[in-house]
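**Q** I'd like to ask you about the structure that follows.
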Amino acid sequence: MLKSKTFLKKTRAGGVMKIVREHYLRDDIGCGAAGCTACCGAHEGPALEPQPQDPASSLCPQPHYLLPDTNVLLHQIDVLEDPAIRNVIVLQTVLQEVRNRSAPVYKRIRDVANNQEKHFYTFTNEHHRETYVEQEQGENANDRNDRAIRVAAKWYNEHLKKMSADNQLQVIFITNDRKNKEKAVEEGIPAFTCEEYVKSLTANPELIDRLACLSEEGNEIESGKIIFSEHLPLSKLQQGIKSGTYLQGTFRASRENYLEATVWIHGDSEENKEIILQGLKHLNRAIHEDIVAVELLPKSQWVAPSSVVLHDEGQNEDDVEKEEEREQMLKTAVSENMLKPTGRVVGIIKRNWRPYCGMLSKSDIKESRRHLFTPADKRIPRIRIETRQASTLEGRRIIVAIDGWPRNSRYPNGHFVKNLGDVGEKETETEVLLLEHDVPHQPFSQAVLSFLPKMPWGITEKDMKNREDLRHLCICSVDPPGCTDIDDALHCRELENGNLEVGVHIADVSHFIRPGNALDQESARRGTTVYLCEKRIDMVPELLSSNLCSLKCDVDRLAFSCIWEMNHSAEILKTKFTKSVINSKASLTYAEAQLRIDSANMRDDITTSLRGLNKLAKILKKKRIEKGALTLSSPEVRFHMDSETHDPIDLQTKELRETNSMVEEFMLLANISVAKKIHEEFSEHALLRKHPAPPPSNYEILVKAARSRNLEIKTDTAKSLAESLDQAESPTFPYLNTLLRILATRCMMQAVYFCSGMDNDFHHYGLASPIYTHFTSPIRRYADVIVHRLLAVAIGADCTYPELTDKHKLADICKNLNYRHKMAQYAQRASVAFHTQLFFKSKGRVSEEAYILFVRKNAIVVLIPKYGLEGTVFFEEKDKPNPRLIYDDEIPSLKIEDTVFHVFDKVKVKIMLDSSNLQHQKIRMSLVEPQIPGISISPDDISNMNLNGPEKKKMKLEK
């Protein structure tokens, strides 16, 4: 033992804990080189190659290993991940520093180190007798770590000479720190900057593109004109936030206007919750999702959110005048009460950059190495990169990372990371939408798969402990067609006393996923299964999701059962929770279950059970609605795919049957029963789900729209909203009620997971339930896995573990689950949007009936019921004289020439795919009826429209 350190630490409970830290040194830590006789194979895990041949470097032609310092690992991870780079020594000192400074890079480096083909070796230099260094007096931690890295590099080079007399093997130190490099060279260590080394790899010129450009001087643009004010240092920002001079918040860029953003202020005060920023200088190089410090401007400089749509068209550096002109467009004369607190960014507290997908903007200068990259996400500014592959990257989706944003540059600087493939190709676009919505979709690692049960699997005596055998019950599942991850099944039977027994049986996923192991950690990270139009990104490996945890029929499966005794009025008399083993007697689709219920000559046990369930479900639904539960409508669509090409050939809105509602009622009931139970047992750390009531202002659009049809919508409570929606009917316009419900959906808040000990509002507004959780889908939601664990402890069927009863840890889990759930929804919508584009690409142009959902100042937003498709019809076009538009916010209506458009008016629109912008292909809609001269498109005009090649030919053929 080298040394021992003792210190005292205060605990949360107010006590004091004594902590002793001891540092041990060893002499049996291997160097990691395969075949090193001096170490006798003392290393574990992936090893360095004995005589590395690749990559060939003109600077160091002999075989070598690389030893990077912390900053190289942090900033040049894209280079290190490249297949060309192998045989890298990662020091413990470096790894610890990376872990403290960037969790994402730390994870990436661990993943690379686990890849056997890369030959990365983690060397525990802090515990090696010959490489450990103690901090000297007057030496700061940073200098000590730099010295530790040099000592390890020097030790390696001397150690490797022992391998054989003629051994040429070297360790090359890679650092971008000038002083550190000079000291290394003085000490006889071969050292290069990352750029010098990468440029010396003659066989891998493409690697130069992946270099992050870091020196601020190198980052400066030649013109040198300062555009932005300097960011204040972190110490000044923290002082300013403490004193209230500055406010800290999350920067949210606008999708519609690149010169505008809002900052959501952190903290509890409701006042100034949102600050508006306008103009490049006030945005001051902040990027969407950065944590920033803002200074509030004096009231005389406050502005109103602009209603102008402005997209960045890639200005030149010198085109500042045009920029200022555009900023003037934002300033419109508005009344005093429309002004919002306005501010400017004074510094960045935390950068939240990620790799961005997008395309290179077409460059006028083909030979130029500098290019502008346009991200797919409109909230991210264009990024300047240097690349020699511009011609091969044209028309491709690529990934770019940001390196920095100098004060004299109109755009941030970055570097090329990866080529994803051709724009418009299904695999490429799916990859883009998964990356852009941060959906973890890599194959499950070996570490995760190692925790799966060994096959063939069967139920053992140990599994039956604390478990009830319910295989005799007539249980069946009802799901959408093609469903392989069946996580719920039901039964209903009459008891001897005349009452009914109803059971909801849920896959016992928590039996297979044990707390804290790699499988559990990966499921927690993913948080949810993501359903795209033609693929599913599973939360748990397929062996569980589609096999051992799927409640398929005629096989024994482990379940968690919630069983009620009810009377025929659906009143609960008793509730029981138990772990169980079941054997489902049928796996039915909604349509098959409906056929059984409706069939006069079917009287078997399954059908009797279904009829009992259906009857009770109707009573339960009626009771729920009487309490004020909402039945809202959203136009969901399904694609029918071509079995060979997997292209969408038909698109239809989902049909809902009674059986959909039947399953839903019992899932809701199980979730409510479980929520009550876990909250009784764990008042401080139950994982629950709430749906906040929307603020009254959210309903303005709905109330105004209904009023324009002489209908009154009351929104003071969920019950009054539900009742007034039920009554809002028009005999001449039956679809009106659906439109009102769709609009009501838009007024709602997001439902969220939370920990009961961190909140006091549990109410679920949409379901009109005082308490609610998620228990019924553990195959596809991690929240349900946690709820299963809590319930199992509550009934004594499983043991607890520290994290389960730590409300701060649970709150962190909830935060990730809410984020993953939101991103999954966005990814699913993006998948539908992409497949809708494919559908209309093959279909050409079509005219369809539509209803106006919203009226804007220069456009109408319409819904096409046939396709469940929403789109915007603009009335102002580039390079065309603008029509006279009169917008009335109160009614709401838009008058164009002599035609007035109101919300819910029926119109006819032409739908077509606009491919003029490859980066943002979109469905365009134009008005057919009512006809407005100069705006509407008559069917005869189609032939004169600007069509792209294949579509042009297709139109000619059709004509």
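Lettering and numbering for the structure tokens are positional, with chains as A, B, ... in the shown order, residues counted from 1 in each chain, and ligands counted from 1 in the shown order.
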Skipping near chain neighbours, those fewer than 4 positions away, what residues fall within 6 Å of stretch 386-402 of chain A using only C-alpha atoms, listed as a CSV table (one decimal) with C-alpha atoms, in the first residue's frame?
**A**
chain,number,residue,atom,x,y,z
A,209,ASP,CA,-11.7,15.1,-43.0
A,355,PRO,CA,-23.3,14.6,-34.3
A,356,TYR,CA,-25.7,16.2,-36.9
A,357,CYS,CA,-27.2,14.5,-40.0
A,358,GLY,CA,-27.7,16.5,-43.2
A,359,MET,CA,-26.2,17.3,-46.6
A,369,ARG,CA,-12.1,22.5,-49.8
A,370,ARG,CA,-14.4,24.6,-47.6
A,413,ASN,CA,-16.8,25.1,-37.8
A,414,GLY,CA,-16.9,21.3,-37.8
A,415,HIS,CA,-15.6,18.2,-39.4
A,416,PHE,CA,-17.0,15.3,-41.5
A,417,VAL,CA,-17.8,12.1,-39.5
A,418,LYS,CA,-19.6,9.6,-41.7
A,419,ASN,CA,-21.3,9.1,-45.0
A,420,LEU,CA,-24.7,7.5,-44.5
A,421,GLY,CA,-25.8,6.9,-48.1
A,422,ASP,CA,-27.9,8.4,-50.9
A,423,VAL,CA,-30.7,10.8,-50.0
**Q** Within 12 Å of stretch 16-32 of chain A, counting only C-alpha atoms, which residues qualify if same-chain residues fewer than 5 places away don't, as an NGL selection string?
**A** :A and (1-11 or 37-50 or 65 or 87-91 or 119-134 or 152-153 or 155-160 or 162-163 or 171)
**Q** Please identify all polymer residues within 7 Å of A:Ala261, counting only C-alpha atoms, omitting same-chain residues fewer than 3 positions from it, and present them as a ChimeraX atom specification.
**A** /A:252-254,276-278
**Q** Keeping only N, CA and C atoms, write the selected residues as a short mmCIF file (atom, residue, chain, number, x, y, z; two decimals), in the first residue's frame.
**A**
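result-v3.cif, freshly written:
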data_model
loop_
_atom_site.label_atom_id
_atom_site.label_comp_id
_atom_site.auth_asym_id
_atom_site.auth_seq_id
_atom_site.Cartn_x
_atom_site.Cartn_y
_atom_site.Cartn_z
N ARG A 252 -33.59 27.37 -27.03
CA ARG A 252 -34.44 26.64 -28.00
C ARG A 252 -34.54 27.46 -29.27
N ALA A 253 -33.89 27.00 -30.32
CA ALA A 253 -33.93 27.71 -31.60
C ALA A 253 -35.29 27.50 -32.25
N SER A 254 -35.70 28.43 -33.08
CA SER A 254 -37.00 28.32 -33.77
C SER A 254 -36.82 27.53 -35.06
N ILE A 276 -37.31 35.81 -24.92
CA ILE A 276 -37.18 35.76 -26.38
C ILE A 276 -35.87 36.41 -26.80
N LEU A 277 -35.23 35.86 -27.83
CA LEU A 277 -33.99 36.44 -28.38
C LEU A 277 -34.22 36.67 -29.86
N GLN A 278 -33.80 37.82 -30.36
CA GLN A 278 -33.95 38.11 -31.79
C GLN A 278 -32.67 38.71 -32.34
#
**Q** Please list as a ChimeraX atom specification every residue within 12 Å of A:Gly343, counting only C-alpha atoms and excluding residues in the same chain fewer than 2 positions away.
**A** /A:245-249,251,260-265,272,274-279,281-284,292-304,340-341,345-346
**Q** Can you write out the residues you just picked, keeping N, CA and C atoms, as a short mmCIF file (atom, residue, chain, number, x, y, z; two decimals), in the first residue's frame?
**A**
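Here's the written file result-v5.cif:
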data_model
loop_
_atom_site.label_atom_id
_atom_site.label_comp_id
_atom_site.auth_asym_id
_atom_site.auth_seq_id
_atom_site.Cartn_x
_atom_site.Cartn_y
_atom_site.Cartn_z
N THR A 245 -27.99 38.95 -11.98
CA THR A 245 -27.70 39.79 -13.15
C THR A 245 -28.02 39.02 -14.43
N TYR A 246 -27.67 37.71 -14.41
CA TYR A 246 -27.94 36.86 -15.57
C TYR A 246 -28.91 35.75 -15.18
N LEU A 247 -29.55 35.17 -16.19
CA LEU A 247 -30.46 34.04 -15.95
C LEU A 247 -29.94 32.83 -16.71
N GLN A 248 -30.10 31.66 -16.11
CA GLN A 248 -29.64 30.43 -16.76
C GLN A 248 -30.83 29.68 -17.35
N GLY A 249 -30.67 29.17 -18.57
CA GLY A 249 -31.79 28.43 -19.18
C GLY A 249 -31.35 27.64 -20.40
N PHE A 251 -31.48 26.93 -24.34
CA PHE A 251 -31.66 27.68 -25.58
C PHE A 251 -32.46 26.83 -26.56
N GLU A 260 -34.40 33.85 -34.63
CA GLU A 260 -35.16 33.95 -33.38
C GLU A 260 -35.01 32.69 -32.54
N ALA A 261 -35.04 32.87 -31.24
CA ALA A 261 -34.98 31.72 -30.33
C ALA A 261 -35.61 32.12 -29.01
N THR A 262 -35.88 31.11 -28.17
CA THR A 262 -36.35 31.40 -26.81
C THR A 262 -35.41 30.69 -25.84
N VAL A 263 -35.34 31.23 -24.63
CA VAL A 263 -34.56 30.55 -23.58
C VAL A 263 -35.54 30.23 -22.46
N TRP A 264 -35.63 28.94 -22.15
CA TRP A 264 -36.49 28.48 -21.04
C TRP A 264 -35.68 28.55 -19.77
N ILE A 265 -36.12 29.43 -18.88
CA ILE A 265 -35.34 29.69 -17.66
C ILE A 265 -35.51 28.55 -16.66
N ASN A 272 -41.07 35.42 -16.01
CA ASN A 272 -40.00 35.35 -17.02
C ASN A 272 -39.55 33.90 -17.28
N GLU A 274 -39.93 32.33 -19.90
CA GLU A 274 -39.43 32.22 -21.27
C GLU A 274 -38.93 33.58 -21.72
N ILE A 275 -37.71 33.62 -22.23
CA ILE A 275 -37.14 34.89 -22.70
C ILE A 275 -36.93 34.77 -24.20
N ILE A 276 -37.31 35.81 -24.92
CA ILE A 276 -37.18 35.76 -26.38
C ILE A 276 -35.87 36.41 -26.80
N LEU A 277 -35.23 35.86 -27.83
CA LEU A 277 -33.99 36.44 -28.38
C LEU A 277 -34.22 36.67 -29.86
N GLN A 278 -33.80 37.82 -30.36
CA GLN A 278 -33.95 38.11 -31.79
C GLN A 278 -32.67 38.71 -32.34
N GLY A 279 -32.28 38.23 -33.53
CA GLY A 279 -31.10 38.77 -34.19
C GLY A 279 -29.86 37.96 -33.88
N LYS A 281 -26.72 38.71 -33.35
CA LYS A 281 -25.81 39.14 -32.27
C LYS A 281 -26.34 38.74 -30.90
N HIS A 282 -27.67 38.78 -30.75
CA HIS A 282 -28.26 38.41 -29.45
C HIS A 282 -28.26 36.89 -29.25
N LEU A 283 -28.33 36.15 -30.36
CA LEU A 283 -28.25 34.68 -30.25
C LEU A 283 -26.83 34.27 -29.89
N ASN A 284 -25.87 35.09 -30.32
CA ASN A 284 -24.45 34.98 -29.95
C ASN A 284 -23.90 33.55 -29.91
N VAL A 292 -27.46 28.12 -21.50
CA VAL A 292 -26.83 29.43 -21.70
C VAL A 292 -27.13 30.37 -20.52
N ALA A 293 -26.35 31.46 -20.48
CA ALA A 293 -26.64 32.54 -19.54
C ALA A 293 -27.13 33.71 -20.38
N VAL A 294 -28.27 34.30 -20.00
CA VAL A 294 -28.79 35.44 -20.75
C VAL A 294 -28.91 36.66 -19.85
N GLU A 295 -28.78 37.81 -20.50
CA GLU A 295 -28.97 39.08 -19.80
C GLU A 295 -30.28 39.66 -20.32
N LEU A 296 -31.14 40.07 -19.40
CA LEU A 296 -32.43 40.66 -19.80
C LEU A 296 -32.18 42.08 -20.30
N LEU A 297 -32.76 42.43 -21.45
CA LEU A 297 -32.60 43.78 -21.99
C LEU A 297 -33.58 44.73 -21.30
N PRO A 298 -33.31 46.04 -21.31
CA PRO A 298 -34.28 46.98 -20.71
C PRO A 298 -35.62 46.91 -21.45
N LYS A 299 -36.70 47.21 -20.76
CA LYS A 299 -38.05 47.07 -21.32
C LYS A 299 -38.22 47.82 -22.63
N SER A 300 -37.49 48.91 -22.79
CA SER A 300 -37.62 49.70 -24.03
C SER A 300 -37.15 48.90 -25.25
N GLN A 301 -36.36 47.84 -25.01
CA GLN A 301 -35.85 47.02 -26.13
C GLN A 301 -36.58 45.69 -26.28
N TRP A 302 -37.67 45.47 -25.51
CA TRP A 302 -38.39 44.22 -25.62
C TRP A 302 -39.10 44.13 -26.97
N VAL A 303 -39.26 42.90 -27.44
CA VAL A 303 -39.91 42.68 -28.75
C VAL A 303 -41.03 41.66 -28.61
N ALA A 304 -41.79 41.50 -29.68
CA ALA A 304 -42.84 40.46 -29.71
C ALA A 304 -42.35 39.33 -30.60
N LYS A 340 -42.65 40.71 -25.15
CA LYS A 340 -42.23 39.65 -24.23
C LYS A 340 -40.86 40.01 -23.67
N PRO A 341 -40.54 39.50 -22.45
CA PRO A 341 -39.18 39.73 -21.93
C PRO A 341 -38.15 39.30 -22.98
N VAL A 345 -27.68 36.45 -25.27
CA VAL A 345 -26.79 35.43 -24.70
C VAL A 345 -25.46 36.07 -24.35
N VAL A 346 -25.02 35.92 -23.08
CA VAL A 346 -23.72 36.49 -22.68
C VAL A 346 -22.67 35.39 -22.50
#
**Q** Grab the atom CA of A:Cys476 to atom CA of A:Val787 distance for me, in Å with one decimal place.
**A**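 So the answer is 23.3 Å.
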**Q** Could you list, as a ChimeraX atom specification, every residue within 10 Å of A:Met912, counting only C-alpha atoms and ignoring same-chain residues fewer than 3 positions away?
**A** /A:837,840-841,843-847,909,915,922-926
**Q** Return the single residue from A:Leu853, A:Ile678, A:Ala827, A:Cys533 that is closest to A:Pro440, with distances computed using only C-alpha atoms.
**A**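 Once distances to A:Pro440 are computed over only C-alpha atoms, the minimum belongs to A:Ala827.
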**Q** List as a list in words the protein and nucleic acid residues near A:Glu468, meaning an atom at most 8 Å away when only C-alpha atoms are counted, but skip any in the same chain fewer than 3 places from it.
**A**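 Skipping anything fewer than 3 positions along the chain leaves Met464, Thr578, Lys579, Ser580 and Val581 of chain A.
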